[in-house]
file run-v1.cif (mmCIF, C-alpha atoms and all ligand atoms)
data_entry
#
loop_
_atom_site.group_PDB
_atom_site.id
_atom_site.type_symbol
_atom_site.label_atom_id
_atom_site.label_comp_id
_atom_site.auth_asym_id
_atom_site.auth_seq_id
_atom_site.Cartn_x
_atom_site.Cartn_y
_atom_site.Cartn_z
ATOM 1 C CA MET A 1 16.793 -0.488 10.792
ATOM 2 C CA ILE A 2 20.537 -0.007 10.793
ATOM 3 C CA THR A 3 22.215 2.352 13.224
ATOM 4 C CA GLY A 4 25.788 3.259 13.908
ATOM 5 C CA LYS A 5 27.963 5.789 15.646
ATOM 6 C CA ASN A 6 30.283 6.487 12.729
ATOM 7 C CA PRO A 7 29.464 8.796 9.833
ATOM 8 C CA PRO A 8 27.687 6.874 7.028
ATOM 9 C CA PHE A 9 30.710 6.911 4.709
ATOM 10 C CA MET A 10 32.705 4.997 7.323
ATOM 11 C CA MET A 11 30.238 2.085 7.500
ATOM 12 C CA PRO A 12 30.956 -1.061 5.478
ATOM 13 C CA TYR A 13 27.217 -1.817 4.952
ATOM 14 C CA THR A 14 25.554 1.549 4.574
ATOM 15 C CA ALA A 15 21.828 1.329 3.895
ATOM 16 C CA LEU A 16 20.800 3.177 0.753
ATOM 17 C CA PHE A 17 17.851 5.520 0.404
ATOM 18 C CA GLY A 18 17.016 7.909 -2.389
ATOM 19 C CA ILE A 19 14.510 9.837 -4.406
ATOM 20 C CA ILE A 20 13.428 9.037 -7.960
ATOM 21 C CA GLY A 21 11.945 11.617 -10.299
ATOM 22 C CA HIS A 22 12.428 13.332 -13.614
ATOM 23 C CA PRO A 23 13.706 15.985 -13.576
ATOM 24 C CA LEU A 24 15.247 15.966 -10.108
ATOM 25 C CA ALA A 25 17.713 18.846 -10.122
ATOM 26 C CA HIS A 26 15.997 20.926 -7.425
ATOM 27 C CA SER A 27 15.089 18.363 -4.752
ATOM 28 C CA MET A 28 16.172 19.165 -1.188
ATOM 29 C CA SER A 29 15.309 15.637 -0.004
ATOM 30 C CA PRO A 30 18.898 14.278 -0.134
ATOM 31 C CA ALA A 31 20.279 17.163 1.947
ATOM 32 C CA LEU A 32 17.432 16.964 4.451
ATOM 33 C CA HIS A 33 17.488 13.193 4.965
ATOM 34 C CA ASN A 34 21.278 12.909 5.106
ATOM 35 C CA TRP A 35 21.273 15.600 7.794
ATOM 36 C CA ALA A 36 18.562 13.723 9.716
ATOM 37 C CA PHE A 37 20.350 10.356 9.353
ATOM 38 C CA SER A 38 23.549 11.835 10.680
ATOM 39 C CA ARG A 39 21.707 13.566 13.547
ATOM 40 C CA ALA A 40 19.976 10.305 14.539
ATOM 41 C CA GLY A 41 23.128 8.172 14.160
ATOM 42 C CA ILE A 42 21.678 6.137 11.285
ATOM 43 C CA ALA A 43 24.177 4.462 8.974
ATOM 44 C CA GLY A 44 22.295 5.401 5.846
ATOM 45 C CA PHE A 45 22.943 7.473 2.763
ATOM 46 C CA TYR A 46 20.214 9.180 0.728
ATOM 47 C CA MET A 47 20.861 9.799 -2.961
ATOM 48 C CA ALA A 48 19.197 11.622 -5.860
ATOM 49 C CA TRP A 49 18.319 9.128 -8.585
ATOM 50 C CA PRO A 50 17.057 10.927 -11.710
ATOM 51 C CA LEU A 51 14.986 8.337 -13.533
ATOM 52 C CA GLN A 52 13.290 8.329 -16.935
ATOM 53 C CA PRO A 53 9.776 6.806 -16.889
ATOM 54 C CA GLU A 54 10.804 3.788 -18.997
ATOM 55 C CA LYS A 55 13.436 2.826 -16.390
ATOM 56 C CA LEU A 56 10.900 2.558 -13.533
ATOM 57 C CA PRO A 57 10.509 -1.284 -13.573
ATOM 58 C CA ALA A 58 14.303 -1.726 -13.733
ATOM 59 C CA PHE A 59 14.689 0.648 -10.799
ATOM 60 C CA PHE A 60 12.418 -1.372 -8.503
ATOM 61 C CA ASP A 61 14.190 -4.618 -9.563
ATOM 62 C CA ALA A 62 17.483 -2.977 -8.599
ATOM 63 C CA ALA A 63 16.003 -1.702 -5.315
ATOM 64 C CA ARG A 64 15.075 -5.294 -4.424
ATOM 65 C CA ALA A 65 18.576 -6.564 -5.262
ATOM 66 C CA LEU A 66 20.651 -3.819 -3.641
ATOM 67 C CA PRO A 67 20.634 -2.705 0.020
ATOM 68 C CA VAL A 68 18.008 -0.065 -0.774
ATOM 69 C CA ARG A 69 15.979 0.400 2.414
ATOM 70 C CA GLY A 70 13.503 2.971 1.197
ATOM 71 C CA GLY A 71 12.993 6.140 -0.733
ATOM 72 C CA ASN A 72 10.788 8.861 -2.083
ATOM 73 C CA ILE A 73 9.004 9.159 -5.381
ATOM 74 C CA THR A 74 8.275 12.417 -7.113
ATOM 75 C CA LEU A 75 6.868 13.527 -10.432
ATOM 76 C CA PRO A 76 6.166 11.948 -12.846
ATOM 77 C CA HIS A 77 6.334 8.564 -11.048
ATOM 78 C CA LYS A 78 3.819 8.979 -8.191
ATOM 79 C CA VAL A 79 1.043 7.005 -9.864
ATOM 80 C CA THR A 80 2.916 4.616 -12.168
ATOM 81 C CA SER A 81 5.151 3.296 -9.343
ATOM 82 C CA MET A 82 2.183 1.818 -7.511
ATOM 83 C CA ALA A 83 1.825 -1.216 -9.789
ATOM 84 C CA LEU A 84 5.501 -2.126 -9.334
ATOM 85 C CA LEU A 85 5.404 -2.577 -5.541
ATOM 86 C CA ASP A 86 4.361 -5.618 -3.491
ATOM 87 C CA GLY A 87 1.856 -3.774 -1.333
ATOM 88 C CA LEU A 88 0.230 -0.407 -0.691
ATOM 89 C CA SER A 89 -0.868 1.167 2.587
ATOM 90 C CA PRO A 90 -4.614 1.887 2.952
ATOM 91 C CA ARG A 91 -3.711 5.589 2.713
ATOM 92 C CA ALA A 92 -1.893 5.070 -0.598
ATOM 93 C CA GLN A 93 -4.855 3.128 -1.969
ATOM 94 C CA ARG A 94 -7.204 5.930 -0.951
ATOM 95 C CA VAL A 95 -5.040 8.612 -2.566
ATOM 96 C CA GLY A 96 -4.141 6.665 -5.703
ATOM 97 C CA ALA A 97 -0.555 7.952 -5.651
ATOM 98 C CA ILE A 98 2.581 7.281 -3.600
ATOM 99 C CA ASN A 99 5.580 9.368 -2.632
ATOM 100 C CA THR A 100 7.354 6.872 -0.347
ATOM 101 C CA PHE A 101 8.500 3.269 -0.524
ATOM 102 C CA TYR A 102 9.712 1.184 2.412
ATOM 103 C CA TRP A 103 10.221 -2.411 3.449
ATOM 104 C CA ASP A 104 7.679 -4.172 5.652
ATOM 105 C CA ASP A 105 9.470 -7.503 6.282
ATOM 106 C CA ALA A 106 9.909 -8.934 2.769
ATOM 107 C CA CYS A 107 7.282 -6.676 1.223
ATOM 108 C CA LEU A 108 8.396 -3.582 -0.709
ATOM 109 C CA CYS A 109 5.494 -1.260 0.032
ATOM 110 C CA GLY A 110 4.241 2.148 -1.047
ATOM 111 C CA ASP A 111 2.690 4.884 1.070
ATOM 112 C CA ASN A 112 1.634 8.498 0.659
ATOM 113 C CA THR A 113 3.023 10.897 3.256
ATOM 114 C CA ASP A 114 2.134 13.993 1.170
ATOM 115 C CA VAL A 115 -1.371 14.027 2.664
ATOM 116 C CA ALA A 116 -0.101 14.441 6.229
ATOM 117 C CA GLY A 117 2.423 17.030 5.043
ATOM 118 C CA PHE A 118 -0.261 18.983 3.179
ATOM 119 C CA LEU A 119 -2.522 19.027 6.247
ATOM 120 C CA ASP A 120 0.184 20.125 8.734
ATOM 121 C CA PRO A 121 -0.192 23.907 8.211
ATOM 122 C CA LEU A 122 -4.005 23.711 7.954
ATOM 123 C CA ALA A 123 -4.623 22.335 11.442
ATOM 124 C CA HIS A 124 -6.261 25.540 12.733
ATOM 125 C CA ARG A 125 -7.757 26.866 9.524
ATOM 126 C CA ARG A 126 -11.417 26.542 8.599
ATOM 127 C CA ILE A 127 -11.897 26.257 4.844
ATOM 128 C CA LEU A 128 -15.361 26.512 3.337
ATOM 129 C CA SER A 129 -14.517 26.131 -0.325
ATOM 130 C CA ALA A 130 -11.307 25.059 -2.003
ATOM 131 C CA LEU A 131 -10.048 25.037 -5.565
ATOM 132 C CA VAL A 132 -7.205 22.694 -6.499
ATOM 133 C CA LEU A 133 -5.193 23.655 -9.573
ATOM 134 C CA GLY A 134 -3.584 20.643 -11.253
ATOM 135 C CA ALA A 135 -4.526 17.000 -11.634
ATOM 136 C CA GLY A 136 -1.266 15.060 -11.247
ATOM 137 C CA GLY A 137 -0.027 12.846 -8.418
ATOM 138 C CA ALA A 138 0.369 15.770 -6.019
ATOM 139 C CA SER A 139 -3.220 16.891 -6.596
ATOM 140 C CA ARG A 140 -4.435 13.487 -5.449
ATOM 141 C CA ALA A 141 -2.785 14.000 -2.056
ATOM 142 C CA VAL A 142 -4.229 17.519 -1.820
ATOM 143 C CA LEU A 143 -7.737 16.293 -2.640
ATOM 144 C CA ALA A 144 -7.450 13.441 -0.122
ATOM 145 C CA GLY A 145 -6.320 15.980 2.495
ATOM 146 C CA LEU A 146 -9.212 18.343 1.777
ATOM 147 C CA LYS A 147 -11.648 15.425 2.023
ATOM 148 C CA GLU A 148 -10.093 14.491 5.372
ATOM 149 C CA LEU A 149 -10.672 18.091 6.527
ATOM 150 C CA GLU A 150 -14.283 17.740 5.393
ATOM 151 C CA VAL A 151 -14.165 20.946 3.346
ATOM 152 C CA PRO A 152 -17.785 21.316 2.183
ATOM 153 C CA ASP A 153 -17.076 22.577 -1.339
ATOM 154 C CA ILE A 154 -14.073 21.302 -3.317
ATOM 155 C CA GLY A 155 -13.301 21.921 -6.978
ATOM 156 C CA VAL A 156 -10.459 20.753 -9.196
ATOM 157 C CA SER A 157 -9.258 22.422 -12.373
ATOM 158 C CA ASN A 158 -6.564 21.414 -14.822
ATOM 159 C CA ARG A 159 -5.155 22.607 -18.132
ATOM 160 C CA THR A 160 -5.969 19.149 -19.530
ATOM 161 C CA ALA A 161 -9.646 18.896 -18.606
ATOM 162 C CA GLY A 162 -9.992 15.103 -18.875
ATOM 163 C CA LYS A 163 -7.568 14.499 -15.992
ATOM 164 C CA ALA A 164 -9.445 16.873 -13.681
ATOM 165 C CA GLU A 165 -12.762 15.282 -14.660
ATOM 166 C CA THR A 166 -11.389 11.866 -13.721
ATOM 167 C CA LEU A 167 -10.145 13.132 -10.347
ATOM 168 C CA ALA A 168 -13.412 14.966 -9.687
ATOM 169 C CA GLU A 169 -15.354 11.754 -10.177
ATOM 170 C CA GLU A 170 -12.930 9.645 -8.160
ATOM 171 C CA PHE A 171 -12.862 11.998 -5.146
ATOM 172 C CA GLY A 172 -16.485 13.124 -5.321
ATOM 173 C CA VAL A 173 -15.637 16.795 -5.930
ATOM 174 C CA HIS A 174 -16.632 19.056 -8.791
ATOM 175 C CA HIS A 175 -14.745 19.861 -11.948
ATOM 176 C CA VAL A 176 -14.017 23.516 -12.690
ATOM 177 C CA PRO A 177 -13.176 24.117 -16.374
ATOM 178 C CA TRP A 178 -9.708 25.680 -16.725
ATOM 179 C CA ASP A 179 -11.163 28.843 -18.279
ATOM 180 C CA ASP A 180 -13.471 29.285 -15.268
ATOM 181 C CA ARG A 181 -10.773 28.920 -12.593
ATOM 182 C CA THR A 182 -10.499 32.709 -12.124
ATOM 183 C CA SER A 183 -14.127 33.012 -11.008
ATOM 184 C CA SER A 184 -14.496 29.985 -8.718
ATOM 185 C CA GLY A 185 -15.103 32.102 -5.590
ATOM 186 C CA ALA A 186 -13.121 29.604 -3.472
ATOM 187 C CA ASP A 187 -11.675 30.886 -0.169
ATOM 188 C CA CYS A 188 -8.669 28.574 -0.485
ATOM 189 C CA ILE A 189 -6.808 28.075 -3.761
ATOM 190 C CA ILE A 190 -4.062 25.482 -3.942
ATOM 191 C CA ASN A 191 -1.395 25.361 -6.618
ATOM 192 C CA ALA A 192 -0.633 21.685 -7.249
ATOM 193 C CA THR A 193 0.718 22.273 -10.753
ATOM 194 C CA THR A 194 4.403 22.522 -11.559
ATOM 195 C CA GLN A 195 4.020 26.202 -12.488
ATOM 196 C CA GLY A 196 6.342 28.412 -10.414
ATOM 197 C CA MET A 197 8.728 25.583 -9.545
ATOM 198 C CA ALA A 198 12.468 26.285 -9.865
ATOM 199 C CA GLY A 199 13.487 25.623 -13.448
ATOM 200 C CA GLU A 200 11.872 26.673 -16.687
ATOM 201 C CA GLY A 201 8.461 27.584 -15.233
ATOM 202 C CA VAL A 202 9.789 29.563 -12.255
ATOM 203 C CA ASP A 203 8.263 32.866 -13.414
ATOM 204 C CA ASN A 204 4.917 31.297 -14.303
ATOM 205 C CA THR A 205 1.706 31.081 -12.318
ATOM 206 C CA PRO A 206 -1.278 28.795 -12.902
ATOM 207 C CA LEU A 207 -3.694 31.616 -12.000
ATOM 208 C CA PRO A 208 -4.038 35.224 -13.238
ATOM 209 C CA ALA A 209 -3.704 37.722 -10.359
ATOM 210 C CA ARG A 210 -7.242 39.032 -10.916
ATOM 211 C CA ALA A 211 -8.566 35.752 -9.496
ATOM 212 C CA PHE A 212 -7.611 36.794 -5.936
ATOM 213 C CA ARG A 213 -10.779 38.648 -4.985
ATOM 214 C CA GLY A 214 -12.052 39.227 -1.434
ATOM 215 C CA LYS A 215 -10.132 37.349 1.235
ATOM 216 C CA GLY A 216 -8.734 33.864 1.258
ATOM 217 C CA LEU A 217 -5.742 31.571 1.523
ATOM 218 C CA ALA A 218 -3.381 30.853 -1.352
ATOM 219 C CA TYR A 219 -1.455 27.630 -0.697
ATOM 220 C CA ASP A 220 1.417 26.686 -3.000
ATOM 221 C CA ILE A 221 2.773 23.183 -2.563
ATOM 222 C CA VAL A 222 5.939 24.264 -4.400
ATOM 223 C CA TYR A 223 8.738 24.848 -1.852
ATOM 224 C CA ASN A 224 11.539 25.761 -4.236
ATOM 225 C CA PRO A 225 11.382 28.735 -4.462
ATOM 226 C CA LEU A 226 9.529 29.561 -1.239
ATOM 227 C CA GLU A 227 7.918 32.623 -2.734
ATOM 228 C CA THR A 228 6.354 31.785 -6.071
ATOM 229 C CA ARG A 229 4.637 34.262 -8.358
ATOM 230 C CA PHE A 230 1.312 32.660 -7.354
ATOM 231 C CA LEU A 231 1.957 33.521 -3.665
ATOM 232 C CA ARG A 232 3.423 36.927 -4.404
ATOM 233 C CA GLU A 233 0.351 38.000 -6.376
ATOM 234 C CA ALA A 234 -1.991 36.555 -3.743
ATOM 235 C CA GLY A 235 -0.148 38.498 -1.026
ATOM 236 C CA VAL A 236 -0.377 41.749 -2.984
ATOM 237 C CA ALA A 237 -4.152 41.169 -3.261
ATOM 238 C CA GLY A 238 -4.386 40.862 0.539
ATOM 239 C CA TRP A 239 -4.752 37.075 0.710
ATOM 240 C CA ASP A 240 -3.036 34.939 3.336
ATOM 241 C CA THR A 241 -0.309 32.773 1.870
ATOM 242 C CA GLN A 242 1.108 29.373 2.712
ATOM 243 C CA ASP A 243 4.294 28.189 1.041
ATOM 244 C CA GLY A 244 5.283 24.556 0.475
ATOM 245 C CA LEU A 245 7.966 24.311 3.165
ATOM 246 C CA ALA A 246 5.750 22.875 5.922
ATOM 247 C CA MET A 247 4.340 20.281 3.527
ATOM 248 C CA PHE A 248 7.806 19.340 2.322
ATOM 249 C CA VAL A 249 9.124 18.909 5.867
ATOM 250 C CA GLY A 250 5.916 17.187 6.998
ATOM 251 C CA GLN A 251 6.053 14.541 4.264
ATOM 252 C CA ALA A 252 9.791 14.020 4.874
ATOM 253 C CA ARG A 253 9.202 13.452 8.617
ATOM 254 C CA GLU A 254 6.463 10.902 7.891
ATOM 255 C CA SER A 255 8.696 9.064 5.413
ATOM 256 C CA PHE A 256 11.545 9.097 7.939
ATOM 257 C CA ARG A 257 9.246 7.508 10.546
ATOM 258 C CA LEU A 258 8.289 4.748 8.082
ATOM 259 C CA TRP A 259 11.946 3.864 7.523
ATOM 260 C CA HIS A 260 13.209 4.277 11.110
ATOM 261 C CA ARG A 261 10.236 3.490 13.273
ATOM 262 C CA ASP A 262 11.609 4.587 16.630
ATOM 263 C CA LYS A 263 13.236 7.794 15.394
ATOM 264 C CA ASP A 264 12.033 11.276 14.553
ATOM 265 C CA MET A 265 13.174 14.198 12.411
ATOM 266 C CA PRO A 266 12.754 17.448 14.410
ATOM 267 C CA ALA A 267 10.379 19.703 12.445
ATOM 268 C CA ARG A 268 11.699 23.127 13.362
ATOM 269 C CA GLU A 269 15.363 22.298 12.799
ATOM 270 C CA ALA A 270 14.487 20.559 9.530
ATOM 271 C CA ALA A 271 12.577 23.602 8.253
ATOM 272 C CA ALA A 272 15.434 25.922 9.265
ATOM 273 C CA LEU A 273 17.919 23.738 7.393
ATOM 274 C CA VAL A 274 15.840 23.719 4.189
ATOM 275 C CA LYS A 275 15.395 27.492 4.421
ATOM 276 C CA ARG A 276 19.150 27.967 4.744
ATOM 277 C CA LEU A 277 19.808 25.687 1.775
ATOM 278 C CA LEU A 278 17.217 27.472 -0.365
ATOM 279 C CA ALA A 279 18.695 30.861 0.550
ATOM 280 C CA ALA A 280 22.162 29.600 -0.365
ATOM 281 C CA ASP A 281 20.713 28.337 -3.688
ATOM 282 C CA VAL A 282 22.566 24.994 -3.466
HETATM 283 P P1 LIG B 1 2.821 15.872 -9.736
HETATM 284 O O1 LIG B 1 3.089 14.444 -9.435
HETATM 285 O O2 LIG B 1 3.724 16.802 -8.932
HETATM 286 O O3 LIG B 1 1.386 16.249 -9.588
HETATM 287 P P2 LIG B 1 2.528 15.693 -12.591
HETATM 288 O O4 LIG B 1 1.785 14.425 -12.412
HETATM 289 O O5 LIG B 1 3.570 15.755 -13.655
HETATM 290 O O6 LIG B 1 3.250 16.117 -11.254
HETATM 291 O O7 LIG B 1 1.458 16.873 -12.785
HETATM 292 C C1 LIG B 1 1.852 18.164 -13.129
HETATM 293 C C2 LIG B 1 0.627 19.088 -13.112
HETATM 294 O O8 LIG B 1 1.053 20.397 -13.491
HETATM 295 C C3 LIG B 1 -0.460 18.679 -14.105
HETATM 296 O O9 LIG B 1 -1.719 18.984 -13.567
HETATM 297 C C4 LIG B 1 -0.130 19.581 -15.308
HETATM 298 O O10 LIG B 1 -1.225 19.849 -16.169
HETATM 299 P P3 LIG B 1 -1.539 18.885 -17.430
HETATM 300 O O11 LIG B 1 -2.223 17.683 -16.869
HETATM 301 O O12 LIG B 1 -2.394 19.699 -18.319
HETATM 302 O O13 LIG B 1 -0.203 18.554 -18.064
HETATM 303 C C5 LIG B 1 0.269 20.834 -14.586
HETATM 304 N N1 LIG B 1 1.034 21.714 -15.487
HETATM 305 C C6 LIG B 1 2.260 21.500 -15.988
HETATM 306 N N2 LIG B 1 2.625 22.519 -16.801
HETATM 307 C C7 LIG B 1 1.576 23.398 -16.814
HETATM 308 C C8 LIG B 1 1.309 24.654 -17.462
HETATM 309 N N3 LIG B 1 2.219 25.215 -18.276
HETATM 310 N N4 LIG B 1 0.130 25.252 -17.239
HETATM 311 C C9 LIG B 1 -0.795 24.701 -16.432
HETATM 312 N N5 LIG B 1 -0.618 23.507 -15.784
HETATM 313 C C10 LIG B 1 0.542 22.868 -15.975
#
call {"tool": "encode", "arguments": {"input": "run-v1.cif", "output": "structure tokens", "more": "lines below"}}
Ligand code: ATR
result
Amino acid sequence: MITGKNPPFMMPYTALFGIIGHPLAHSMSPALHNWAFSRAGIAGFYMAWPLQPEKLPAFFDAARALPVRGGNITLPHKVTSMALLDGLSPRAQRVGAINTFYWDDACLCGDNTDVAGFLDPLAHRRILSALVLGAGGASRAVLAGLKELEVPDIGVSNRTAGKAETLAEEFGVHHVPWDDRTSSGADCIINATTQGMAGEGVDNTPLPARAFRGKGLAYDIVYNPLETRFLREAGVAGWDTQDGLAMFVGQARESFRLWHRDKDMPAREAAALVKRLLAADV
């Protein structure tokens, strides 16, 4: 861990951190971590590194050669990055996807802090049946979280059925065919697809509004924008809604702790900062 009193740009040996993903235009991680570094007096700088899938091996070679102290991994690299690291935490092995890399002595390791972030807002909620929409890297963290909560009935549904079938088998949950997702009867529906995320699919939803029958909780892991069409339509139908902000801040805090073991990122201030940035559309 490197600390210093001066702003990061004044330090001769600033430690580098960053996020890799493709596309990466809408990530708030650089703003959030740079704020937290500065607040904690850490001489680090966190960058956005857009990265095409074929450049992934070259990236981790570069990370080993440069003063890169850690970083985050987002779509579509959450699963494919695992094979390129020296070690994986037990949690990452259980989930089968990573969103964080960090150094443990000479070992460049991977971990998954999305699970803890996903669970943060569910601490006092009892869920009897859950339906996860999507079968990418993020869905793995959601499924691992729901298993940790011991939700009795968990289903997973995906546009590409084969991927959901694989996840269903791996996590011991059931597969819900995409065409049947509107009639699952689940009391908690989680959007872990990219539908509704800022960018091309911002006006899309993975679920027709008629699916919100009775009462339940709609949880969107998308945080940009905070109110997606999925949540808006759930709210109109009288469902409780949970946006992706708490998960985003929760995973960021866990990553921060992995990189700077004796330091913390304050949750409430972090959430307020991200909200301000989203409102300013930066
Ligand atoms: P992440 O790591 O965030 O999970 P990902 O691995 O790229 O990202 O997964 C994206 C998810 O969004 C997938 O489940 C994808 O469905 P497919 O497996 O069928 O591609 C889902 N998704 C993307 N676009 C979608 C769309 N237009 N309709 C429904 N699901 C979509």
call {"tool": "residues_near_ligand", "arguments": {"input": "run-v1.cif", "ligand": "ligand LIG 1 (chain B)", "cutoff": "10 Å", "atoms": "only C-alpha atoms and all ligand atoms", "output": "mmCIF file with C-alpha atoms, in the coordinates of the input"}}
result
data_model
loop_
_atom_site.group_PDB
_atom_site.id
_atom_site.type_symbol
_atom_site.label_atom_id
_atom_site.label_comp_id
_atom_site.auth_asym_id
_atom_site.auth_seq_id
_atom_site.Cartn_x
_atom_site.Cartn_y
_atom_site.Cartn_z
ATOM 1 C CA GLY A 21 11.945 11.617 -10.299
ATOM 2 C CA HIS A 22 12.428 13.332 -13.614
ATOM 3 C CA ILE A 73 9.004 9.159 -5.381
ATOM 4 C CA THR A 74 8.275 12.417 -7.113
ATOM 5 C CA LEU A 75 6.868 13.527 -10.432
ATOM 6 C CA PRO A 76 6.166 11.948 -12.846
ATOM 7 C CA HIS A 77 6.334 8.564 -11.048
ATOM 8 C CA LYS A 78 3.819 8.979 -8.191
ATOM 9 C CA VAL A 79 1.043 7.005 -9.864
ATOM 10 C CA THR A 80 2.916 4.616 -12.168
ATOM 11 C CA ALA A 97 -0.555 7.952 -5.651
ATOM 12 C CA ILE A 98 2.581 7.281 -3.600
ATOM 13 C CA ASN A 99 5.580 9.368 -2.632
ATOM 14 C CA VAL A 132 -7.205 22.694 -6.499
ATOM 15 C CA LEU A 133 -5.193 23.655 -9.573
ATOM 16 C CA GLY A 134 -3.584 20.643 -11.253
ATOM 17 C CA ALA A 135 -4.526 17.000 -11.634
ATOM 18 C CA GLY A 136 -1.266 15.060 -11.247
ATOM 19 C CA GLY A 137 -0.027 12.846 -8.418
ATOM 20 C CA ALA A 138 0.369 15.770 -6.019
ATOM 21 C CA SER A 139 -3.220 16.891 -6.596
ATOM 22 C CA ARG A 140 -4.435 13.487 -5.449
ATOM 23 C CA ALA A 141 -2.785 14.000 -2.056
ATOM 24 C CA VAL A 142 -4.229 17.519 -1.820
ATOM 25 C CA VAL A 156 -10.459 20.753 -9.196
ATOM 26 C CA SER A 157 -9.258 22.422 -12.373
ATOM 27 C CA ASN A 158 -6.564 21.414 -14.822
ATOM 28 C CA ARG A 159 -5.155 22.607 -18.132
ATOM 29 C CA THR A 160 -5.969 19.149 -19.530
ATOM 30 C CA ALA A 161 -9.646 18.896 -18.606
ATOM 31 C CA GLY A 162 -9.992 15.103 -18.875
ATOM 32 C CA LYS A 163 -7.568 14.499 -15.992
ATOM 33 C CA ALA A 164 -9.445 16.873 -13.681
ATOM 34 C CA TRP A 178 -9.708 25.680 -16.725
ATOM 35 C CA ASN A 191 -1.395 25.361 -6.618
ATOM 36 C CA ALA A 192 -0.633 21.685 -7.249
ATOM 37 C CA THR A 193 0.718 22.273 -10.753
ATOM 38 C CA THR A 194 4.403 22.522 -11.559
ATOM 39 C CA GLN A 195 4.020 26.202 -12.488
ATOM 40 C CA GLY A 196 6.342 28.412 -10.414
ATOM 41 C CA MET A 197 8.728 25.583 -9.545
ATOM 42 C CA GLU A 200 11.872 26.673 -16.687
ATOM 43 C CA GLY A 201 8.461 27.584 -15.233
ATOM 44 C CA ASN A 204 4.917 31.297 -14.303
ATOM 45 C CA THR A 205 1.706 31.081 -12.318
ATOM 46 C CA PRO A 206 -1.278 28.795 -12.902
ATOM 47 C CA LEU A 207 -3.694 31.616 -12.000
ATOM 48 C CA ILE A 221 2.773 23.183 -2.563
ATOM 49 C CA VAL A 222 5.939 24.264 -4.400
#
call {"tool": "resolve_selection", "arguments": {"input": "run-v1.cif", "expression": "the PyMOL selection byres (((chain A and resi 92) around 12) and not hetatm)", "output": "ChimeraX atom specification"}}
result
/A:78-79,81-83,85,87-91,93-101,109-116,137,140-141,144
call {"tool": "closest_residue", "arguments": {"input": "run-v1.cif", "among": "A:Asn72, A:Leu56, A:Gly199, A:Ala62", "to": "Leu84 of chain A", "atoms": "all atoms listed in the file"}}
result
A:Leu56
call {"tool": "closest_residue", "arguments": {"input": "run-v1.cif", "among": "A:Ser129, A:Gln52, A:Asn34, A:Ser29", "to": "Leu146 of chain A", "atoms": "only C-alpha atoms"}}
result
A:Ser129
call {"tool": "atom_distance", "arguments": {"input": "run-v1.cif", "atom1": "atom CA of Gly44 of chain A", "atom2": "atom CA of Arg69 of chain A"}}
result
8.8 Å
call {"tool": "residues_around", "arguments": {"input": "run-v1.cif", "residues": "Trp49 of chain A", "least_positions_apart": "4", "cutoff": "7 Å", "atoms": "all atoms listed in the file", "output": "PyMOL selection string"}}
result
chain A and resi 18-20
call {"tool": "atom_distance", "arguments": {"input": "run-v1.cif", "atom1": "atom CA of Trp103 of chain A", "atom2": "atom CA of Leu258 of chain A"}}
result
8.7 Å
call {"tool": "closest_residue", "arguments": {"input": "run-v1.cif", "among": "A:Cys107, A:Ala272, A:Ala198, A:Val176", "to": "Glu227 of chain A", "atoms": "only C-alpha atoms"}}
result
A:Ala198
call {"tool": "closest_residue", "arguments": {"input": "run-v1.cif", "among": "A:Ala40, A:Ala237, A:Ile154, A:Leu226", "to": "Arg276 of chain A", "atoms": "only C-alpha atoms"}}
result
A:Leu226
call {"tool": "atom_distance", "arguments": {"input": "run-v1.cif", "atom1": "atom CA of Gln251 of chain A", "atom2": "atom CA of Asp104 of chain A"}}
result
18.8 Å
call {"tool": "closest_residue", "arguments": {"input": "run-v1.cif", "among": "A:Thr14, A:Ser27, A:Ser183, A:Thr166", "to": "Val68 of chain A", "atoms": "all atoms listed in the file"}}
result
A:Thr14
call {"tool": "resolve_selection", "arguments": {"input": "run-v1.cif", "expression": "the PyMOL selection byres (((chain A and resi 186) around 10) and not hetatm)", "output": "list in words"}}
result
Ile127, Leu128, Ser129, Ala130, Leu131, Val132, Asp153, Ile154, Gly155, Arg181, Thr182, Ser183, Ser184, Gly185, Asp187, Cys188, Ile189, Ile190, Ala211, Phe212, Arg213, Gly214, Lys215, Gly216 and Leu217 of chain A
call {"tool": "closest_residue", "arguments": {"input": "run-v1.cif", "among": "A:Gly70, A:Gly41, A:Pro30, A:Pro57", "to": "Arg257 of chain A", "atoms": "only C-alpha atoms"}}
result
A:Gly70
call {"tool": "axis_aligned_box", "arguments": {"input": "run-v1.cif", "around": "segment 258-268 of chain A", "padding_each_side": "3 Å", "output": "lines of an AutoDock Vina configuration file"}}
result
center_x = 10.8
center_y = 13.3
center_z = 12.1
size_x = 10.9
size_y = 25.6
size_z = 15.1
